[in-house]
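File shown: work05.txt (compact mmCIF, C-alpha atoms).
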```
# COMPACT_ATOMS: atom_id res chain seq x y z
CA MET A 1 30.39 17.85 10.56
CA SER A 2 28.11 16.84 7.73
CA THR A 3 28.11 18.40 4.28
CA LEU A 4 24.33 18.13 4.00
CA ASP A 5 22.47 21.24 2.83
CA PRO A 6 21.34 22.95 6.07
CA ALA A 7 17.88 23.53 4.58
CA ILE A 8 17.45 19.76 4.22
CA ALA A 9 19.10 18.96 7.55
CA ALA A 10 16.57 21.24 9.25
CA ARG A 11 13.69 19.14 7.91
CA LEU A 12 15.07 15.74 8.99
CA LYS A 13 13.55 14.06 12.03
CA ARG A 14 16.14 11.55 13.20
CA SER A 15 15.69 8.62 15.55
CA ALA A 16 17.56 8.55 18.86
CA ASP A 17 20.65 7.20 17.11
CA GLY A 18 20.68 10.05 14.59
CA LEU A 19 19.43 7.97 11.69
CA VAL A 20 16.58 8.07 9.20
CA PRO A 21 15.28 4.94 7.46
CA ALA A 22 15.66 4.97 3.68
CA VAL A 23 13.30 2.87 1.58
CA VAL A 24 15.07 1.79 -1.59
CA GLN A 25 12.94 1.23 -4.67
CA GLN A 26 13.85 0.08 -8.16
CA HIS A 27 13.20 2.84 -10.69
CA GLY A 28 10.49 1.86 -13.15
CA THR A 29 9.29 -1.40 -11.64
CA GLY A 30 8.43 -0.12 -8.17
CA GLU A 31 10.01 -3.12 -6.44
CA VAL A 32 11.02 -2.35 -2.85
CA LEU A 33 14.58 -3.65 -2.76
CA MET A 34 15.73 -3.01 0.81
CA LEU A 35 15.69 -0.61 3.70
CA GLY A 36 18.86 1.16 4.73
CA TRP A 37 19.72 3.81 7.30
CA MET A 38 21.19 7.24 6.65
CA ASP A 39 22.64 9.92 8.83
CA ASP A 40 23.08 13.45 7.48
CA GLU A 41 26.42 12.65 5.88
CA ALA A 42 25.18 9.47 4.17
CA LEU A 43 22.28 11.45 2.73
CA ALA A 44 24.61 14.21 1.55
CA ARG A 45 26.83 11.65 -0.18
CA THR A 46 23.82 9.91 -1.73
CA LEU A 47 22.54 13.21 -3.12
CA THR A 48 25.87 14.35 -4.54
CA SER A 49 27.71 11.18 -5.58
CA GLY A 50 24.92 9.38 -7.42
CA ARG A 51 25.69 6.20 -5.45
CA ALA A 52 23.43 5.09 -2.62
CA THR A 53 25.33 5.43 0.64
CA TYR A 54 24.18 4.20 4.05
CA TRP A 55 25.24 4.06 7.66
CA SER A 56 25.77 0.49 8.78
CA ARG A 57 24.36 0.05 12.27
CA SER A 58 26.14 -3.29 12.72
CA ARG A 59 29.55 -2.19 11.45
CA GLN A 60 29.18 1.45 12.56
CA GLU A 61 30.59 2.80 9.32
CA TYR A 62 29.47 4.24 6.00
CA TRP A 63 28.93 1.84 3.18
CA VAL A 64 28.50 2.56 -0.48
CA LYS A 65 26.11 -0.14 -1.69
CA GLY A 66 27.92 -2.48 -4.08
CA GLU A 67 31.43 -1.27 -3.25
CA THR A 68 32.41 -4.82 -2.26
CA SER A 69 29.77 -6.95 -3.99
CA GLY A 70 29.58 -5.02 -7.25
CA ASN A 71 25.79 -4.85 -6.86
CA ARG A 72 25.75 -1.08 -7.09
CA GLN A 73 22.81 1.28 -6.74
CA TRP A 74 22.74 4.29 -9.04
CA VAL A 75 20.57 6.98 -7.53
CA ARG A 76 17.71 8.30 -9.65
CA GLY A 77 15.67 10.25 -7.15
CA VAL A 78 15.39 11.03 -3.44
CA ARG A 79 12.31 12.13 -1.56
CA LEU A 80 11.61 13.00 2.06
CA ASP A 81 8.27 12.16 3.62
CA CYS A 82 5.69 14.56 5.02
CA ASP A 83 7.04 14.57 8.55
CA GLY A 84 10.74 14.30 7.68
CA ASP A 85 11.35 10.91 9.26
CA ALA A 86 11.71 8.66 6.21
CA LEU A 87 13.46 8.79 2.84
CA LEU A 88 12.48 7.17 -0.45
CA VAL A 89 15.43 6.53 -2.74
CA THR A 90 14.79 5.32 -6.28
CA VAL A 91 17.72 3.55 -7.88
CA GLU A 92 18.92 1.50 -10.78
CA GLN A 93 20.00 -1.71 -9.04
CA GLU A 94 22.82 -3.72 -10.58
CA GLY A 95 22.41 -7.42 -9.82
CA PRO A 96 20.63 -8.60 -6.68
CA ALA A 97 19.99 -6.05 -3.95
CA CYS A 98 20.20 -8.58 -1.12
CA HIS A 99 23.44 -9.99 0.27
CA THR A 100 21.80 -13.44 0.15
CA GLY A 101 21.66 -13.23 -3.63
CA ASP A 102 17.91 -12.63 -3.72
CA ARG A 103 16.65 -9.82 -5.91
CA THR A 104 15.24 -7.98 -2.89
CA CYS A 105 15.73 -8.26 0.86
CA PHE A 106 12.00 -9.01 1.22
CA ASP A 107 11.88 -12.12 -0.97
CA ALA A 108 12.53 -14.88 1.55
CA ASP A 109 10.49 -14.35 4.70
CA VAL A 110 6.76 -14.14 3.97
CA LEU A 111 4.72 -13.60 7.16
CA LEU A 112 1.42 -13.23 5.33
CA ALA A 113 1.11 -14.29 1.69
CA GLU A 114 -0.70 -12.09 -0.77
CA GLY A 115 -3.66 -13.71 -2.43
CA ALA A 116 -3.63 -14.04 -6.20
CA ASP A 117 -7.03 -12.43 -6.62
CA GLY A 118 -6.08 -8.82 -6.91
CA MET B 1 2.55 -8.98 26.59
CA SER B 2 2.24 -9.24 22.85
CA THR B 3 0.14 -11.78 21.00
CA LEU B 4 2.72 -12.10 18.22
CA ASP B 5 3.70 -15.62 17.16
CA PRO B 6 6.90 -16.34 19.14
CA ALA B 7 8.53 -17.79 16.01
CA ILE B 8 8.14 -14.41 14.31
CA ALA B 9 9.03 -12.41 17.41
CA ALA B 10 12.31 -14.33 17.61
CA ARG B 11 13.27 -13.12 14.12
CA LEU B 12 12.55 -9.41 14.70
CA LYS B 13 15.48 -7.06 15.22
CA ARG B 14 14.06 -4.01 16.94
CA SER B 15 15.58 -0.57 17.32
CA ALA B 16 16.38 0.77 20.78
CA ASP B 17 12.77 1.87 21.23
CA GLY B 18 11.43 -1.61 20.45
CA LEU B 19 10.15 -0.71 16.98
CA VAL B 20 10.63 -1.95 13.44
CA PRO B 21 10.04 0.30 10.41
CA ALA B 22 7.25 -0.88 8.10
CA VAL B 23 7.33 0.14 4.46
CA VAL B 24 3.78 0.38 3.14
CA GLN B 25 3.23 -0.33 -0.53
CA GLN B 26 0.10 -0.23 -2.66
CA HIS B 27 -0.75 -3.69 -3.93
CA GLY B 28 -0.53 -3.90 -7.69
CA THR B 29 0.96 -0.50 -8.51
CA GLY B 30 4.06 -0.72 -6.32
CA GLU B 31 3.67 2.85 -5.04
CA VAL B 32 5.41 3.38 -1.70
CA LEU B 33 2.69 5.07 0.32
CA MET B 34 4.29 5.74 3.70
CA LEU B 35 6.54 4.39 6.39
CA GLY B 36 5.11 3.43 9.75
CA TRP B 37 6.51 1.86 12.90
CA MET B 38 5.43 -1.38 14.51
CA ASP B 39 6.15 -3.05 17.79
CA ASP B 40 5.36 -6.73 18.29
CA GLU B 41 1.74 -6.09 19.17
CA ALA B 42 1.11 -3.77 16.19
CA LEU B 43 2.55 -6.45 13.91
CA ALA B 44 0.39 -9.14 15.53
CA ARG B 45 -2.72 -7.00 15.02
CA THR B 46 -1.75 -6.23 11.42
CA LEU B 47 -1.32 -9.92 10.66
CA THR B 48 -4.56 -11.03 12.27
CA SER B 49 -7.01 -8.14 11.81
CA GLY B 50 -6.42 -7.38 8.14
CA ARG B 51 -6.06 -3.68 8.98
CA ALA B 52 -2.65 -2.01 9.05
CA THR B 53 -1.85 -1.06 12.63
CA TYR B 54 1.11 1.02 13.78
CA TRP B 55 2.71 2.43 16.89
CA SER B 56 2.62 6.20 16.88
CA ARG B 57 5.91 7.55 18.16
CA SER B 58 4.49 11.04 18.60
CA ARG B 59 1.28 10.02 20.35
CA GLN B 60 2.72 6.90 22.04
CA GLU B 61 -0.28 4.78 21.18
CA TYR B 62 -1.48 2.24 18.65
CA TRP B 63 -3.25 3.55 15.62
CA VAL B 64 -5.28 1.68 13.07
CA LYS B 65 -4.68 3.52 9.82
CA GLY B 66 -7.88 5.21 8.65
CA GLU B 67 -9.77 4.77 11.94
CA THR B 68 -10.27 8.54 12.14
CA SER B 69 -9.74 9.67 8.54
CA GLY B 70 -11.52 6.80 6.82
CA ASN B 71 -8.45 6.30 4.62
CA ARG B 72 -8.09 2.67 5.61
CA GLN B 73 -5.41 0.20 4.64
CA TRP B 74 -6.51 -3.36 3.98
CA VAL B 75 -3.57 -5.68 4.41
CA ARG B 76 -2.71 -7.94 1.48
CA GLY B 77 0.70 -9.26 2.43
CA VAL B 78 3.47 -8.85 5.02
CA ARG B 79 7.12 -9.68 4.58
CA LEU B 80 10.16 -9.45 6.84
CA ASP B 81 13.54 -8.58 5.42
CA CYS B 82 16.68 -10.72 5.41
CA ASP B 83 18.03 -9.45 8.72
CA GLY B 84 14.70 -9.02 10.49
CA ASP B 85 14.87 -5.25 10.90
CA ALA B 86 12.30 -4.05 8.36
CA LEU B 87 8.79 -5.01 7.27
CA LEU B 88 7.12 -4.64 3.89
CA VAL B 89 3.34 -4.40 4.10
CA THR B 90 1.31 -4.45 0.90
CA VAL B 91 -2.13 -2.93 1.20
CA GLU B 92 -5.20 -1.76 -0.61
CA GLN B 93 -5.24 1.94 0.27
CA GLU B 94 -8.59 3.71 0.47
CA GLY B 95 -8.24 7.37 -0.45
CA PRO B 96 -4.99 9.26 0.13
CA ALA B 97 -2.40 7.63 2.36
CA CYS B 98 -0.98 10.92 3.62
CA HIS B 99 -2.61 13.09 6.28
CA THR B 100 -1.91 16.10 4.02
CA GLY B 101 -4.30 14.69 1.42
CA ASP B 102 -1.52 13.62 -0.93
CA ARG B 103 -1.70 10.14 -2.38
CA THR B 104 1.59 9.18 -0.69
CA CYS B 105 3.68 10.69 2.08
CA PHE B 106 6.56 11.05 -0.37
CA ASP B 107 4.82 13.26 -2.94
CA ALA B 108 5.66 16.73 -1.66
CA ASP B 109 9.33 16.98 -0.71
CA VAL B 110 11.61 16.08 -3.60
CA LEU B 111 15.29 16.31 -2.65
CA LEU B 112 16.57 14.98 -5.96
CA ALA B 113 14.24 14.80 -8.96
CA GLU B 114 14.18 11.71 -11.13
CA GLY B 115 15.01 12.36 -14.74
CA ALA B 116 12.41 11.51 -17.34
CA ASP B 117 14.78 9.42 -19.41
CA GLY B 118 14.29 6.08 -17.84
```

Exercise: express the given structure as structure tokens:
Amino acid sequence: MSTLDPAIAARLKRSADGLVPAVVQQHGTGEVLMLGWMDDEALARTLTSGRATYWSRSRQEYWVKGETSGNRQWVRGVRLDCDGDALLVTVEQEGPACHTGDRTCFDADVLLAEGADG
Amino acid sequence: MSTLDPAIAARLKRSADGLVPAVVQQHGTGEVLMLGWMDDEALARTLTSGRATYWSRSRQEYWVKGETSGNRQWVRGVRLDCDGDALLVTVEQEGPACHTGDRTCFDADVLLAEGADG
């Protein structure tokens, strides 16, 4: 039983495993830090605790970002997209967002490099 | 049979339906415009055609963003995250990204409003 506001829960469109992808963006700079997954309860905790909270698909448990590493995410804003199947969470990121030590989880693996002309 | 580079395909971690979420960001401004879904073939087309291409879960078909609406996305860069389960696509967005006419798909439904103090 989730503690999520029923009016929000009614707007969520979850994938088959009950999750919604959450894009995590640094407040102010616009950097995309990572993508996490939330079920209703993780979203409820994120909205009320001020700490970004996800569902770990690999460990099958909730995780409060930074609880172990200290690289905490303080929630600034949360938005739901037009068809209810994605979240945008803006945060103040302490330290690197990626477990590899990189600033973001998208730093290392470039499939197509942006040109410098724009 | 997808035309995706096997070296990239080997790094992708797909959800049960064979898809990977793609965060779409405006080049330069950092705005998060939308979240789409890609299978291997959609990613291959995105990387080679220069036009952002997704798999529509509702219509069960490929869609080239802007093909109907004219609100095209010109691909600038593509990155894969540290564990291979999310893509970050930077684009030049023509017109609004959202089918509602909003600039982004995250403009309308604010679950938690950002303060103005930071």

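Atom CA of Met34 of chain B sits 17.5 Å away from atom CA of Gly50 of chain B.
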
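Closest approach to chain B among A:Val64, A:Arg59, A:Val20, A:Ala42 is made by A:Val20 (distances from all atoms listed in the file).
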
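The interatomic distance for the pair atom CA of Leu88 of chain A and atom CA of Gly66 of chain B works out to 22.4 Å.
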
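With only C-alpha atoms taken into account, the protein and nucleic acid residues at most 10 Å from Asp40 of chain B (excluding it and anything under 5 positions from it in its own chain) are Met1, Ser2, Thr3, Leu4, Asp5, Pro6, Ile8, Ala9, Leu12, Arg14, Gly18, Leu19, Val20, Arg45, Thr46, Tyr54 and Trp55 of chain B.
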
> Could you work out how far atom CA of Ser58 of chain B lies from atom CA of Gly95 of chain B, giving the answer in Å with one decimal?
Replying inline: 23.2 Å

Least-squares fit on all C-alpha atoms, paired in order: put chain B onto chain A and return it as a compact mmCIF listing (two decimals) with C-alpha atoms, keeping the file's coordinate frame.
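Result written to superposed.txt:
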```
# COMPACT_ATOMS: atom_id res chain seq x y z
CA MET B 1 30.40 17.81 10.53
CA SER B 2 28.11 16.84 7.71
CA THR B 3 28.11 18.39 4.26
CA LEU B 4 24.32 18.14 3.99
CA ASP B 5 22.46 21.24 2.82
CA PRO B 6 21.33 22.94 6.06
CA ALA B 7 17.87 23.53 4.57
CA ILE B 8 17.44 19.76 4.22
CA ALA B 9 19.10 18.97 7.54
CA ALA B 10 16.58 21.25 9.25
CA ARG B 11 13.70 19.13 7.91
CA LEU B 12 15.08 15.73 8.99
CA LYS B 13 13.56 14.05 12.03
CA ARG B 14 16.12 11.54 13.21
CA SER B 15 15.69 8.62 15.56
CA ALA B 16 17.56 8.54 18.86
CA ASP B 17 20.66 7.20 17.11
CA GLY B 18 20.69 10.06 14.60
CA LEU B 19 19.44 7.96 11.68
CA VAL B 20 16.58 8.08 9.21
CA PRO B 21 15.28 4.93 7.47
CA ALA B 22 15.65 4.97 3.68
CA VAL B 23 13.29 2.87 1.59
CA VAL B 24 15.06 1.79 -1.59
CA GLN B 25 12.93 1.23 -4.66
CA GLN B 26 13.83 0.08 -8.16
CA HIS B 27 13.19 2.83 -10.67
CA GLY B 28 10.50 1.87 -13.14
CA THR B 29 9.28 -1.40 -11.63
CA GLY B 30 8.42 -0.11 -8.16
CA GLU B 31 10.01 -3.12 -6.43
CA VAL B 32 11.01 -2.35 -2.84
CA LEU B 33 14.57 -3.65 -2.75
CA MET B 34 15.72 -3.02 0.82
CA LEU B 35 15.69 -0.62 3.71
CA GLY B 36 18.86 1.16 4.73
CA TRP B 37 19.73 3.80 7.30
CA MET B 38 21.19 7.22 6.65
CA ASP B 39 22.63 9.92 8.83
CA ASP B 40 23.09 13.44 7.48
CA GLU B 41 26.42 12.66 5.87
CA ALA B 42 25.19 9.46 4.17
CA LEU B 43 22.28 11.45 2.74
CA ALA B 44 24.61 14.22 1.55
CA ARG B 45 26.83 11.65 -0.19
CA THR B 46 23.82 9.92 -1.74
CA LEU B 47 22.54 13.21 -3.13
CA THR B 48 25.86 14.35 -4.54
CA SER B 49 27.71 11.18 -5.57
CA GLY B 50 24.93 9.39 -7.43
CA ARG B 51 25.68 6.21 -5.46
CA ALA B 52 23.43 5.09 -2.62
CA THR B 53 25.34 5.42 0.64
CA TYR B 54 24.18 4.20 4.04
CA TRP B 55 25.25 4.05 7.66
CA SER B 56 25.78 0.48 8.78
CA ARG B 57 24.37 0.03 12.26
CA SER B 58 26.14 -3.30 12.71
CA ARG B 59 29.55 -2.19 11.44
CA GLN B 60 29.22 1.46 12.56
CA GLU B 61 30.60 2.81 9.31
CA TYR B 62 29.48 4.25 6.00
CA TRP B 63 28.93 1.85 3.19
CA VAL B 64 28.50 2.55 -0.48
CA LYS B 65 26.12 -0.13 -1.70
CA GLY B 66 27.91 -2.49 -4.09
CA GLU B 67 31.43 -1.27 -3.26
CA THR B 68 32.40 -4.82 -2.27
CA SER B 69 29.76 -6.95 -4.00
CA GLY B 70 29.57 -5.01 -7.25
CA ASN B 71 25.78 -4.85 -6.86
CA ARG B 72 25.73 -1.08 -7.09
CA GLN B 73 22.80 1.28 -6.74
CA TRP B 74 22.73 4.28 -9.04
CA VAL B 75 20.56 6.97 -7.52
CA ARG B 76 17.70 8.28 -9.65
CA GLY B 77 15.66 10.25 -7.15
CA VAL B 78 15.39 11.03 -3.43
CA ARG B 79 12.31 12.13 -1.56
CA LEU B 80 11.60 13.00 2.07
CA ASP B 81 8.28 12.16 3.63
CA CYS B 82 5.69 14.56 5.03
CA ASP B 83 7.06 14.58 8.57
CA GLY B 84 10.74 14.31 7.69
CA ASP B 85 11.36 10.91 9.27
CA ALA B 86 11.71 8.66 6.22
CA LEU B 87 13.45 8.79 2.84
CA LEU B 88 12.48 7.17 -0.44
CA VAL B 89 15.43 6.53 -2.74
CA THR B 90 14.79 5.32 -6.27
CA VAL B 91 17.71 3.55 -7.88
CA GLU B 92 18.91 1.50 -10.78
CA GLN B 93 19.98 -1.71 -9.04
CA GLU B 94 22.80 -3.73 -10.58
CA GLY B 95 22.39 -7.42 -9.82
CA PRO B 96 20.62 -8.61 -6.67
CA ALA B 97 19.99 -6.05 -3.95
CA CYS B 98 20.19 -8.58 -1.11
CA HIS B 99 23.43 -9.99 0.29
CA THR B 100 21.79 -13.44 0.17
CA GLY B 101 21.64 -13.23 -3.63
CA ASP B 102 17.90 -12.61 -3.70
CA ARG B 103 16.63 -9.82 -5.90
CA THR B 104 15.22 -7.97 -2.87
CA CYS B 105 15.71 -8.26 0.87
CA PHE B 106 12.00 -9.01 1.24
CA ASP B 107 11.85 -12.11 -0.96
CA ALA B 108 12.51 -14.87 1.55
CA ASP B 109 10.47 -14.35 4.72
CA VAL B 110 6.76 -14.12 3.99
CA LEU B 111 4.71 -13.58 7.16
CA LEU B 112 1.40 -13.21 5.35
CA ALA B 113 1.10 -14.27 1.71
CA GLU B 114 -0.68 -12.06 -0.77
CA GLY B 115 -3.62 -13.70 -2.46
CA ALA B 116 -3.54 -14.04 -6.22
CA ASP B 117 -6.92 -12.43 -6.70
CA GLY B 118 -5.93 -8.85 -7.02
```

>> Counting all atoms listed in the file, a student should be able to say which residues of chain B come within 6 Å of chain A; what is the right answer, written as a PyMOL selection string?
In response: chain B and resi 30+76-82+105-106+109-114

Enclose all atoms of segment 58-77 of chain B listed in the file in an axis-aligned box, grow every side by 4 Å, and hand back centre and edge lengths in Å to one decimal, as lines of an AutoDock Vina configuration file.
```
center_x = -3.5
center_y = 0.9
center_z = 11.8
size_x = 24.0
size_y = 28.3
size_z = 28.6
```

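Distances from B:Ala7, B:Lys13, B:Trp37, B:Ala52 to Lys65 of chain B were compared using only C-alpha atoms, and the smallest one belongs to B:Ala52.
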
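Between Tyr62 of chain B and the candidates B:Ala44, B:Gly101, B:Trp74, B:Gln93, the tightest atom-to-atom separation, counting all atoms listed in the file, involves B:Ala44.
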